[in-house]
Structure formats: C-alpha cells, structure tokens
Amino acid sequence: MKKIVTIMLLTLTLILVASAAFAAAEAAPEAAKAATGLTAVVAALFAIAIAAFGGSIGMGLSISRAVEGIARNPEASAKIMTTMIIGLALIESLAIYTLVIIFMKA
C-alpha cells in the first residue's frame, strides 16, 4: 500500500511540475524582456566566482602534489616543475576563458 501511495504521489507531483513548465514556456518572451542587466550581472558574478574557486583549488592541489614529488625525488625537480607550470597555465586559462565569455555575453 505504501508503495502505491508513493508512486501516485510522485506521478501527481510530476504532472503538476510538467504543467507549470509548459505554462512557463508561453510566458518566456515576456520573462526575457523583464530579465535586464541586473540578472546578467549576478549570473556573471556567480560564474567568475565558481571559476576562480575551482581554479584556486586545482592550483593548490597541483602545487602541493608537485612539492611532494620534489621532496620524494629531488633529481626530478626540473621535470616536475615544468609539468607543474604547464598545468597551472592550463588551469588559469579556464578562469580566463570564463571571464572572456562573461564579457562577450554581457
């Protein structure tokens, strides 16, 4: 009995959500007019914040792993440093790409 009630409740919820989604599709042109620069600015701020956060976490992890590798094998420090610098440049480029896309869209 509990399984049937759960399935019926899920079905009812799906129907209600779907009808709201179809109703919102007709109102989309009006909503697009109402979405002014403030919404774009807030979205851009969130995008660059996420890109900066992810990039800084990635850079920190890669630097820590490179330092561990150099500590374990000092003879390979030149190769490790070169690989780390290339990796850091690629990580930083992702944040820069996000900034460029934000400027293109805004």
# chains A, B, ... in the order shown; residues from 1 in each chain; ligands from 1
>>> residues_around(residues="A:Ser56", least_positions_apart="4", cutoff="12 Å", atoms="only C-alpha atoms", output="list in words")
Ile48, Ala49, Ile50, Ala51, Ala52, Gly60, Leu61, Ser62, Ile63, Leu88, Ala89, Ile91, Glu92, Ser93, Leu94 and Ala95 of chain A
